>>> print(open('my_file_34.cif').read())   # mmCIF, C-alpha atoms
data_query
loop_
_atom_site.label_atom_id
_atom_site.label_comp_id
_atom_site.auth_asym_id
_atom_site.auth_seq_id
_atom_site.Cartn_x
_atom_site.Cartn_y
_atom_site.Cartn_z
CA MET A 1 82.65 113.90 59.97
CA ASP A 2 85.25 111.18 60.29
CA LYS A 3 84.53 108.69 63.07
CA ASP A 4 87.40 109.73 65.34
CA ASN A 5 88.94 112.80 63.78
CA VAL A 6 88.11 116.41 63.21
CA LYS A 7 89.79 118.15 60.29
CA CYS A 8 93.06 119.91 61.26
CA TRP A 9 92.97 118.68 64.88
CA ILE A 10 95.49 116.23 66.32
CA SER A 11 94.08 113.33 68.33
CA LYS A 12 95.66 112.73 71.72
CA ASP A 13 95.36 109.60 73.81
CA HIS A 14 96.51 110.17 77.40
CA PRO A 15 94.09 111.67 78.30
CA PRO A 16 91.91 111.47 75.19
CA GLY A 17 91.42 114.81 73.47
CA LEU A 18 91.81 116.90 70.36
CA PHE A 19 94.50 119.53 69.93
CA ARG A 20 94.96 122.33 67.43
CA ARG A 21 97.35 125.28 67.24
CA PHE A 22 96.05 128.46 65.61
CA GLU A 23 98.45 131.16 64.44
CA PHE A 24 97.56 134.76 63.67
CA GLU A 25 99.08 137.70 61.84
CA ASN A 26 98.77 139.97 64.84
CA TYR A 27 97.39 140.28 68.36
CA ASN A 28 94.15 141.94 67.21
CA ASN A 29 93.22 138.95 65.05
CA LEU A 30 94.03 136.62 67.95
CA ARG A 31 91.74 138.64 70.24
CA ILE A 32 88.89 138.47 67.72
CA PHE A 33 89.29 134.68 67.63
CA LEU A 34 89.39 134.39 71.44
CA ASP A 35 86.26 136.54 71.79
CA ARG A 36 84.40 134.37 69.28
CA LEU A 37 85.60 131.27 71.12
CA ALA A 38 84.35 132.72 74.42
CA ASP A 39 80.91 133.26 72.87
CA LEU A 40 80.89 129.70 71.53
CA SER A 41 81.90 128.34 74.95
CA LYS A 42 79.03 130.18 76.61
CA GLU A 43 76.58 128.94 73.98
CA LYS A 44 77.72 125.31 74.25
CA LYS A 45 78.59 125.39 77.95
CA TYR A 46 81.89 123.76 77.06
CA TYR A 47 85.24 125.28 78.04
CA PRO A 48 88.33 123.90 76.30
CA ASP A 49 91.85 124.39 77.63
CA ILE A 50 93.38 127.42 75.92
CA SER A 51 96.99 128.65 75.94
CA PHE A 52 97.98 131.76 74.07
CA GLY A 53 100.78 134.25 73.54
CA SER A 54 100.75 137.34 71.36
CA LYS A 55 100.08 135.62 68.01
CA TYR A 56 99.00 132.04 68.69
CA ALA A 57 96.48 129.99 70.59
CA ASN A 58 96.68 126.30 71.45
CA ILE A 59 93.30 124.70 72.05
CA THR A 60 92.69 121.30 73.65
CA VAL A 61 89.26 119.70 73.77
CA TYR A 62 89.38 116.99 76.41
CA ALA A 63 86.94 114.11 76.77
CA SER A 64 84.91 115.17 79.78
CA ASN A 65 84.28 111.55 80.73
CA ASP A 66 88.09 110.86 80.62
CA LYS A 67 87.55 107.95 78.24
CA VAL A 68 86.29 108.91 74.83
CA LEU A 69 85.37 112.12 73.05
CA SER A 70 81.64 112.61 72.71
CA GLU A 71 79.99 113.67 69.49
CA GLU A 72 79.29 117.03 71.14
CA GLU A 73 82.99 117.52 71.90
CA LYS A 74 83.97 116.65 68.34
CA ALA A 75 81.28 119.00 67.05
CA PHE A 76 82.70 121.71 69.32
CA ALA A 77 86.15 121.33 67.71
CA GLN A 78 84.52 121.51 64.28
CA ARG A 79 82.75 124.74 65.29
CA VAL A 80 86.09 126.20 66.46
CA ASN A 81 87.45 125.59 62.95
CA GLU A 82 84.63 127.72 61.60
CA LEU A 83 85.62 130.67 63.82
CA ILE A 84 88.66 131.48 61.72
CA ASP A 85 88.35 133.21 58.40
CA PRO A 86 88.85 130.85 55.46
CA ILE A 87 92.44 130.94 54.18
CA MET B 1 109.41 145.81 95.41
CA ASP B 2 111.70 142.96 96.42
CA LYS B 3 114.84 142.74 94.32
CA ASP B 4 113.95 139.50 92.56
CA ASN B 5 110.40 138.71 93.54
CA VAL B 6 106.94 140.02 92.91
CA LYS B 7 104.30 139.37 95.56
CA CYS B 8 102.32 136.16 94.93
CA TRP B 9 104.35 135.17 91.87
CA ILE B 10 106.61 132.12 91.76
CA SER B 11 110.08 132.63 90.33
CA LYS B 12 111.20 130.14 87.69
CA ASP B 13 114.73 129.55 86.51
CA HIS B 14 114.82 127.57 83.26
CA PRO B 15 114.00 129.79 81.46
CA PRO B 16 113.82 132.68 83.91
CA GLY B 17 110.33 133.96 84.52
CA LEU B 18 107.52 134.63 86.94
CA PHE B 19 104.44 132.42 87.28
CA ARG B 20 101.10 132.94 88.97
CA ARG B 21 97.84 130.99 88.92
CA PHE B 22 94.63 133.00 89.30
CA GLU B 23 91.37 131.28 90.22
CA PHE B 24 87.89 132.71 89.77
CA GLU B 25 84.40 132.03 91.05
CA ASN B 26 82.99 131.77 87.58
CA TYR B 27 83.72 132.17 83.88
CA ASN B 28 82.41 135.75 83.76
CA ASN B 29 84.93 136.92 86.35
CA LEU B 30 87.69 135.13 84.45
CA ARG B 31 86.67 136.92 81.24
CA ILE B 32 86.73 140.31 82.96
CA PHE B 33 90.27 139.57 84.16
CA LEU B 34 91.41 138.43 80.70
CA ASP B 35 89.96 141.54 79.08
CA ARG B 36 91.77 143.78 81.57
CA LEU B 37 94.96 141.83 80.96
CA ALA B 38 94.54 142.28 77.20
CA ASP B 39 94.24 146.04 77.68
CA LEU B 40 97.34 146.06 79.89
CA SER B 41 99.27 144.04 77.29
CA LYS B 42 98.38 146.53 74.58
CA GLU B 43 99.36 149.45 76.80
CA LYS B 44 102.70 147.93 77.80
CA LYS B 45 103.32 146.11 74.52
CA TYR B 46 104.15 143.01 76.55
CA TYR B 47 102.37 139.71 76.02
CA PRO B 48 102.77 137.07 78.72
CA ASP B 49 102.02 133.39 78.17
CA ILE B 50 98.47 132.68 79.31
CA SER B 51 96.71 129.35 79.80
CA PHE B 52 93.12 129.21 80.94
CA GLY B 53 90.15 126.92 81.44
CA SER B 54 86.69 127.85 82.65
CA LYS B 55 87.69 129.22 86.08
CA TYR B 56 91.44 129.71 86.15
CA ALA B 57 94.26 131.41 84.32
CA ASN B 58 97.96 130.61 84.56
CA ILE B 59 100.19 133.53 83.62
CA THR B 60 103.91 133.35 82.90
CA VAL B 61 106.06 136.43 82.41
CA TYR B 62 109.26 135.33 80.71
CA ALA B 63 112.49 137.28 80.59
CA SER B 64 112.51 138.54 77.02
CA ASN B 65 116.32 138.52 76.95
CA ASP B 66 116.31 134.84 78.11
CA LYS B 67 118.64 135.69 81.00
CA VAL B 68 117.13 137.90 83.64
CA LEU B 69 113.80 139.60 84.23
CA SER B 70 113.87 143.30 83.54
CA GLU B 71 112.39 145.87 85.90
CA GLU B 72 109.66 146.42 83.29
CA GLU B 73 108.75 142.71 83.31
CA LYS B 74 108.58 142.63 87.11
CA ALA B 75 106.47 145.80 87.06
CA PHE B 76 104.18 144.12 84.53
CA ALA B 77 103.60 141.19 86.94
CA GLN B 78 102.88 143.69 89.71
CA ARG B 79 100.33 145.43 87.49
CA VAL B 80 98.65 142.09 86.79
CA ASN B 81 98.19 141.65 90.54
CA GLU B 82 96.30 144.93 90.57
CA LEU B 83 93.84 143.69 87.93
CA ILE B 84 92.08 141.44 90.39
CA ASP B 85 89.76 142.85 92.98
CA PRO B 86 91.35 143.07 96.43
CA ILE B 87 90.55 140.01 98.54
#
>>> encode(input="my_file_34.cif", output="structure tokens")
Amino acid sequence: MDKDNVKCWISKDHPPGLFRRFEFENYNNLRIFLDRLADLSKEKKYYPDISFGSKYANITVYASNDKVLSEEEKAFAQRVNELIDPI
Amino acid sequence: MDKDNVKCWISKDHPPGLFRRFEFENYNNLRIFLDRLADLSKEKKYYPDISFGSKYANITVYASNDKVLSEEEKAFAQRVNELIDPI
């Protein structure tokens, strides 16, 4: 993994975090993704900020120490990438 | 129901909509609420904007015609109120 970046995620600075927007063909596919993400959050005990409508979800992984993303937080974002079916 | 308001929801003007923040004791209770809300959305074919973290959810019901909330949209917000257990 790149030192500061996770593939497909946008780095933010104030506060530090990673952002990615996921788009879906329909609401059912979005729900499948959100359910998988809920399972991952329980497993990792990490809860990102999530916004969603009927066909999209915006996910932000914030640095829990307010300063710099930890390796665990970057790994979490990487795991979220793996929740979607390969295009 | 009040002409323009729904109990516990904040009216917004630009764009017109209704907003309410729901807070929960724990992530499990939040998930139960989100699952109920997903069922309601499917039933009513209306998908509000939802943001959530580990213990809260912010819901916005926008006027789908961009001008004024319909009776159906206000009724949807009222139904969301009924998804939480009475305090």
>>> atom_distance(input="my_file_34.cif", atom1="atom CA of Leu69 of chain A", atom2="atom CA of Tyr47 of chain A")
14.1 Å
>>> resolve_selection(input="my_file_34.cif", expression="the PyMOL selection byres ((chain A) within 9 of (chain B))", output="PDB file with C-alpha atoms, keeping the file's coordinate frame")
ATOM      1  CA  TYR A  27      97.390 140.280  68.360  1.00  0.00           C
ATOM      2  CA  ARG A  31      91.740 138.640  70.240  1.00  0.00           C
ATOM      3  CA  ALA A  38      84.350 132.720  74.420  1.00  0.00           C
ATOM      4  CA  LYS A  42      79.030 130.180  76.610  1.00  0.00           C
ATOM      5  CA  TYR A  46      81.890 123.760  77.060  1.00  0.00           C
ATOM      6  CA  TYR A  47      85.240 125.280  78.040  1.00  0.00           C
ATOM      7  CA  PRO A  48      88.330 123.900  76.300  1.00  0.00           C
ATOM      8  CA  ASP A  49      91.850 124.390  77.630  1.00  0.00           C
ATOM      9  CA  ILE A  50      93.380 127.420  75.920  1.00  0.00           C
ATOM     10  CA  SER A  51      96.990 128.650  75.940  1.00  0.00           C
ATOM     11  CA  PHE A  52      97.980 131.760  74.070  1.00  0.00           C
ATOM     12  CA  GLY A  53     100.780 134.250  73.540  1.00  0.00           C
ATOM     13  CA  SER A  54     100.750 137.340  71.360  1.00  0.00           C
ATOM     14  CA  ASN A  58      96.680 126.300  71.450  1.00  0.00           C
TER      15      ASN A  58
END
>>> residues_near_point(input="my_file_34.cif", point="(94.8, 122.7, 67.7)", cutoff="12 Å", atoms="all atoms listed in the file", output="number ranges by chain")
A: 6-12, 17-23, 48-52, 56-62, 77-78, 80-81
>>> write_last_selection(input="my_file_34.cif", atoms="C-alpha atoms", output="PDB file, keeping the file's coordinate frame")
ATOM      1  CA  VAL A   6      88.110 116.410  63.210  1.00  0.00           C
ATOM      2  CA  LYS A   7      89.790 118.150  60.290  1.00  0.00           C
ATOM      3  CA  CYS A   8      93.060 119.910  61.260  1.00  0.00           C
ATOM      4  CA  TRP A   9      92.970 118.680  64.880  1.00  0.00           C
ATOM      5  CA  ILE A  10      95.490 116.230  66.320  1.00  0.00           C
ATOM      6  CA  SER A  11      94.080 113.330  68.330  1.00  0.00           C
ATOM      7  CA  LYS A  12      95.660 112.730  71.720  1.00  0.00           C
ATOM      8  CA  GLY A  17      91.420 114.810  73.470  1.00  0.00           C
ATOM      9  CA  LEU A  18      91.810 116.900  70.360  1.00  0.00           C
ATOM     10  CA  PHE A  19      94.500 119.530  69.930  1.00  0.00           C
ATOM     11  CA  ARG A  20      94.960 122.330  67.430  1.00  0.00           C
ATOM     12  CA  ARG A  21      97.350 125.280  67.240  1.00  0.00           C
ATOM     13  CA  PHE A  22      96.050 128.460  65.610  1.00  0.00           C
ATOM     14  CA  GLU A  23      98.450 131.160  64.440  1.00  0.00           C
ATOM     15  CA  PRO A  48      88.330 123.900  76.300  1.00  0.00           C
ATOM     16  CA  ASP A  49      91.850 124.390  77.630  1.00  0.00           C
ATOM     17  CA  ILE A  50      93.380 127.420  75.920  1.00  0.00           C
ATOM     18  CA  SER A  51      96.990 128.650  75.940  1.00  0.00           C
ATOM     19  CA  PHE A  52      97.980 131.760  74.070  1.00  0.00           C
ATOM     20  CA  TYR A  56      99.000 132.040  68.690  1.00  0.00           C
ATOM     21  CA  ALA A  57      96.480 129.990  70.590  1.00  0.00           C
ATOM     22  CA  ASN A  58      96.680 126.300  71.450  1.00  0.00           C
ATOM     23  CA  ILE A  59      93.300 124.700  72.050  1.00  0.00           C
ATOM     24  CA  THR A  60      92.690 121.300  73.650  1.00  0.00           C
ATOM     25  CA  VAL A  61      89.260 119.700  73.770  1.00  0.00           C
ATOM     26  CA  TYR A  62      89.380 116.990  76.410  1.00  0.00           C
ATOM     27  CA  ALA A  77      86.150 121.330  67.710  1.00  0.00           C
ATOM     28  CA  GLN A  78      84.520 121.510  64.280  1.00  0.00           C
ATOM     29  CA  VAL A  80      86.090 126.200  66.460  1.00  0.00           C
ATOM     30  CA  ASN A  81      87.450 125.590  62.950  1.00  0.00           C
TER      31      ASN A  81
END
>>> calpha_fit_and_write(input="my_file_34.cif", fixed="chain A", moving="chain B", output="PDB file with C-alpha atoms, in the coordinates of the input")
ATOM      1  CA  MET B   1      82.752 113.969  59.897  1.00  0.00           C
ATOM      2  CA  ASP B   2      85.337 111.215  60.250  1.00  0.00           C
ATOM      3  CA  LYS B   3      84.534 108.745  63.002  1.00  0.00           C
ATOM      4  CA  ASP B   4      87.375 109.740  65.309  1.00  0.00           C
ATOM      5  CA  ASN B   5      88.952 112.800  63.780  1.00  0.00           C
ATOM      6  CA  VAL B   6      88.126 116.417  63.214  1.00  0.00           C
ATOM      7  CA  LYS B   7      89.807 118.172  60.297  1.00  0.00           C
ATOM      8  CA  CYS B   8      93.065 119.912  61.287  1.00  0.00           C
ATOM      9  CA  TRP B   9      92.961 118.684  64.885  1.00  0.00           C
ATOM     10  CA  ILE B  10      95.480 116.239  66.332  1.00  0.00           C
ATOM     11  CA  SER B  11      94.080 113.348  68.338  1.00  0.00           C
ATOM     12  CA  LYS B  12      95.662 112.728  71.735  1.00  0.00           C
ATOM     13  CA  ASP B  13      95.364 109.601  73.817  1.00  0.00           C
ATOM     14  CA  HIS B  14      96.487 110.182  77.407  1.00  0.00           C
ATOM     15  CA  PRO B  15      94.076 111.674  78.304  1.00  0.00           C
ATOM     16  CA  PRO B  16      91.910 111.485  75.196  1.00  0.00           C
ATOM     17  CA  GLY B  17      91.407 114.796  73.471  1.00  0.00           C
ATOM     18  CA  LEU B  18      91.799 116.910  70.376  1.00  0.00           C
ATOM     19  CA  PHE B  19      94.508 119.546  69.935  1.00  0.00           C
ATOM     20  CA  ARG B  20      94.961 122.348  67.440  1.00  0.00           C
ATOM     21  CA  ARG B  21      97.360 125.287  67.252  1.00  0.00           C
ATOM     22  CA  PHE B  22      96.058 128.466  65.611  1.00  0.00           C
ATOM     23  CA  GLU B  23      98.464 131.169  64.455  1.00  0.00           C
ATOM     24  CA  PHE B  24      97.569 134.769  63.684  1.00  0.00           C
ATOM     25  CA  GLU B  25      99.100 137.702  61.858  1.00  0.00           C
ATOM     26  CA  ASN B  26      98.774 139.955  64.844  1.00  0.00           C
ATOM     27  CA  TYR B  27      97.405 140.285  68.366  1.00  0.00           C
ATOM     28  CA  ASN B  28      94.165 141.935  67.213  1.00  0.00           C
ATOM     29  CA  ASN B  29      93.230 138.947  65.063  1.00  0.00           C
ATOM     30  CA  LEU B  30      94.041 136.628  67.961  1.00  0.00           C
ATOM     31  CA  ARG B  31      91.746 138.646  70.245  1.00  0.00           C
ATOM     32  CA  ILE B  32      88.891 138.472  67.741  1.00  0.00           C
ATOM     33  CA  PHE B  33      89.290 134.684  67.641  1.00  0.00           C
ATOM     34  CA  LEU B  34      89.384 134.401  71.446  1.00  0.00           C
ATOM     35  CA  ASP B  35      86.268 136.539  71.789  1.00  0.00           C
ATOM     36  CA  ARG B  36      84.402 134.366  69.281  1.00  0.00           C
ATOM     37  CA  LEU B  37      85.597 131.275  71.116  1.00  0.00           C
ATOM     38  CA  ALA B  38      84.357 132.728  74.412  1.00  0.00           C
ATOM     39  CA  ASP B  39      80.917 133.268  72.885  1.00  0.00           C
ATOM     40  CA  LEU B  40      80.898 129.709  71.534  1.00  0.00           C
ATOM     41  CA  SER B  41      81.904 128.350  74.955  1.00  0.00           C
ATOM     42  CA  LYS B  42      79.034 130.180  76.614  1.00  0.00           C
ATOM     43  CA  GLU B  43      76.592 128.943  73.983  1.00  0.00           C
ATOM     44  CA  LYS B  44      77.726 125.321  74.232  1.00  0.00           C
ATOM     45  CA  LYS B  45      78.600 125.419  77.931  1.00  0.00           C
ATOM     46  CA  TYR B  46      81.906 123.767  77.058  1.00  0.00           C
ATOM     47  CA  TYR B  47      85.240 125.279  78.025  1.00  0.00           C
ATOM     48  CA  PRO B  48      88.333 123.906  76.302  1.00  0.00           C
ATOM     49  CA  ASP B  49      91.854 124.399  77.629  1.00  0.00           C
ATOM     50  CA  ILE B  50      93.392 127.424  75.929  1.00  0.00           C
ATOM     51  CA  SER B  51      96.990 128.642  75.956  1.00  0.00           C
ATOM     52  CA  PHE B  52      97.988 131.763  74.093  1.00  0.00           C
ATOM     53  CA  GLY B  53     100.793 134.243  73.550  1.00  0.00           C
ATOM     54  CA  SER B  54     100.761 137.329  71.365  1.00  0.00           C
ATOM     55  CA  LYS B  55     100.083 135.593  68.023  1.00  0.00           C
ATOM     56  CA  TYR B  56      99.006 132.031  68.698  1.00  0.00           C
ATOM     57  CA  ALA B  57      96.480 129.990  70.608  1.00  0.00           C
ATOM     58  CA  ASN B  58      96.686 126.299  71.458  1.00  0.00           C
ATOM     59  CA  ILE B  59      93.298 124.710  72.071  1.00  0.00           C
ATOM     60  CA  THR B  60      92.683 121.319  73.657  1.00  0.00           C
ATOM     61  CA  VAL B  61      89.259 119.703  73.789  1.00  0.00           C
ATOM     62  CA  TYR B  62      89.383 116.979  76.417  1.00  0.00           C
ATOM     63  CA  ALA B  63      86.949 114.114  76.756  1.00  0.00           C
ATOM     64  CA  SER B  64      84.905 115.177  79.760  1.00  0.00           C
ATOM     65  CA  ASN B  65      84.273 111.542  80.717  1.00  0.00           C
ATOM     66  CA  ASP B  66      88.071 110.869  80.617  1.00  0.00           C
ATOM     67  CA  LYS B  67      87.544 107.950  78.229  1.00  0.00           C
ATOM     68  CA  VAL B  68      86.295 108.915  74.817  1.00  0.00           C
ATOM     69  CA  LEU B  69      85.359 112.121  73.035  1.00  0.00           C
ATOM     70  CA  SER B  70      81.641 112.613  72.704  1.00  0.00           C
ATOM     71  CA  GLU B  71      79.977 113.661  69.464  1.00  0.00           C
ATOM     72  CA  GLU B  72      79.295 117.031  71.122  1.00  0.00           C
ATOM     73  CA  GLU B  73      83.006 117.521  71.887  1.00  0.00           C
ATOM     74  CA  LYS B  74      83.998 116.660  68.317  1.00  0.00           C
ATOM     75  CA  ALA B  75      81.301 119.017  67.023  1.00  0.00           C
ATOM     76  CA  PHE B  76      82.701 121.717  69.306  1.00  0.00           C
ATOM     77  CA  ALA B  77      86.167 121.332  67.705  1.00  0.00           C
ATOM     78  CA  GLN B  78      84.539 121.535  64.277  1.00  0.00           C
ATOM     79  CA  ARG B  79      82.779 124.748  65.293  1.00  0.00           C
ATOM     80  CA  VAL B  80      86.095 126.206  66.453  1.00  0.00           C
ATOM     81  CA  ASN B  81      87.469 125.600  62.958  1.00  0.00           C
ATOM     82  CA  GLU B  82      84.648 127.736  61.611  1.00  0.00           C
ATOM     83  CA  LEU B  83      85.629 130.673  63.840  1.00  0.00           C
ATOM     84  CA  ILE B  84      88.652 131.474  61.735  1.00  0.00           C
ATOM     85  CA  ASP B  85      88.293 133.148  58.396  1.00  0.00           C
ATOM     86  CA  PRO B  86      88.623 130.724  55.481  1.00  0.00           C
ATOM     87  CA  ILE B  87      92.181 130.616  54.144  1.00  0.00           C
TER      88      ILE B  87
END
>>> residues_around(input="my_file_34.cif", residues="Val68 of chain B", least_positions_apart="5", cutoff="10 Å", atoms="all atoms listed in the file", output="PyMOL selection string")
chain B and resi 4+13+15-17+62-63+73
>>> write_last_selection(input="my_file_34.cif", atoms="C-alpha atoms", output="tab-separated table (two decimals), keeping the file's coordinate frame")
chain	number	residue	atom	x	y	z
B	4	ASP	CA	113.95	139.50	92.56
B	13	ASP	CA	114.73	129.55	86.51
B	15	PRO	CA	114.00	129.79	81.46
B	16	PRO	CA	113.82	132.68	83.91
B	17	GLY	CA	110.33	133.96	84.52
B	62	TYR	CA	109.26	135.33	80.71
B	63	ALA	CA	112.49	137.28	80.59
B	73	GLU	CA	108.75	142.71	83.31
>>> atom_distance(input="my_file_34.cif", atom1="atom CA of Leu30 of chain B", atom2="atom CA of Glu71 of chain B")
27.0 Å
>>> atom_distance(input="my_file_34.cif", atom1="atom CA of Ile84 of chain A", atom2="atom CA of Ser64 of chain A")
24.6 Å
>>> closest_residue(input="my_file_34.cif", among="A:His14, A:Asn29, A:Leu40, A:Asn5", to="Glu82 of chain A", atoms="only C-alpha atoms")
A:Leu40
>>> decode(input="my_file_34.cif", residues="segment 32-58 of chain A", atoms="N, CA and C atoms", output="short mmCIF file (atom, residue, chain, number, x, y, z; two decimals), in the first residue's frame")
data_model
loop_
_atom_site.label_atom_id
_atom_site.label_comp_id
_atom_site.auth_asym_id
_atom_site.auth_seq_id
_atom_site.Cartn_x
_atom_site.Cartn_y
_atom_site.Cartn_z
N ILE A 32 -26.92 -4.23 0.02
CA ILE A 32 -25.97 -5.33 0.20
C ILE A 32 -24.62 -4.77 0.64
N PHE A 33 -24.19 -3.69 0.00
CA PHE A 33 -22.92 -3.05 0.36
C PHE A 33 -22.97 -2.54 1.80
N LEU A 34 -24.06 -1.86 2.17
CA LEU A 34 -24.14 -1.30 3.53
C LEU A 34 -24.17 -2.41 4.59
N ASP A 35 -24.81 -3.52 4.27
CA ASP A 35 -24.83 -4.64 5.23
C ASP A 35 -23.43 -5.23 5.40
N ARG A 36 -22.71 -5.37 4.29
CA ARG A 36 -21.33 -5.87 4.39
C ARG A 36 -20.47 -4.90 5.19
N LEU A 37 -20.68 -3.61 4.95
CA LEU A 37 -19.90 -2.60 5.66
C LEU A 37 -20.22 -2.63 7.16
N ALA A 38 -21.48 -2.88 7.50
CA ALA A 38 -21.86 -2.98 8.92
C ALA A 38 -21.14 -4.17 9.58
N ASP A 39 -21.07 -5.28 8.85
CA ASP A 39 -20.36 -6.46 9.39
C ASP A 39 -18.88 -6.15 9.59
N LEU A 40 -18.29 -5.47 8.61
CA LEU A 40 -16.87 -5.11 8.71
C LEU A 40 -16.63 -4.17 9.90
N SER A 41 -17.56 -3.20 10.08
CA SER A 41 -17.42 -2.26 11.20
C SER A 41 -17.45 -2.99 12.54
N LYS A 42 -18.36 -3.96 12.65
CA LYS A 42 -18.43 -4.72 13.90
C LYS A 42 -17.15 -5.52 14.13
N GLU A 43 -16.66 -6.12 13.06
CA GLU A 43 -15.43 -6.94 13.15
C GLU A 43 -14.25 -6.08 13.58
N LYS A 44 -14.12 -4.91 12.97
CA LYS A 44 -12.95 -4.06 13.21
C LYS A 44 -13.16 -3.05 14.31
N LYS A 45 -14.40 -2.98 14.83
CA LYS A 45 -14.75 -1.97 15.83
C LYS A 45 -14.36 -0.57 15.37
N TYR A 46 -14.61 -0.33 14.07
CA TYR A 46 -14.36 1.01 13.52
C TYR A 46 -15.59 1.43 12.72
N TYR A 47 -16.08 2.64 12.97
CA TYR A 47 -17.33 3.09 12.37
C TYR A 47 -17.09 4.36 11.57
N PRO A 48 -16.99 4.24 10.25
CA PRO A 48 -16.75 5.44 9.43
C PRO A 48 -18.02 6.29 9.36
N ASP A 49 -17.88 7.52 8.90
CA ASP A 49 -19.06 8.33 8.61
C ASP A 49 -19.62 7.89 7.26
N ILE A 50 -20.92 7.68 7.20
CA ILE A 50 -21.57 7.19 5.99
C ILE A 50 -22.76 8.08 5.67
N SER A 51 -22.84 8.54 4.41
CA SER A 51 -24.04 9.22 3.93
C SER A 51 -24.55 8.43 2.75
N PHE A 52 -25.85 8.24 2.64
CA PHE A 52 -26.34 7.56 1.46
C PHE A 52 -27.73 8.02 1.06
N GLY A 53 -28.00 7.86 -0.23
CA GLY A 53 -29.34 8.11 -0.77
C GLY A 53 -29.83 6.80 -1.34
N SER A 54 -30.54 6.84 -2.45
CA SER A 54 -31.11 5.57 -2.95
C SER A 54 -30.09 4.75 -3.74
N LYS A 55 -29.07 5.39 -4.34
CA LYS A 55 -28.14 4.65 -5.20
C LYS A 55 -26.68 5.00 -4.97
N TYR A 56 -26.36 5.67 -3.86
CA TYR A 56 -24.96 6.02 -3.62
C TYR A 56 -24.68 5.99 -2.13
N ALA A 57 -23.40 5.86 -1.82
CA ALA A 57 -22.96 5.99 -0.43
C ALA A 57 -21.63 6.74 -0.43
N ASN A 58 -21.52 7.74 0.42
CA ASN A 58 -20.27 8.46 0.62
C ASN A 58 -19.68 8.02 1.95
#
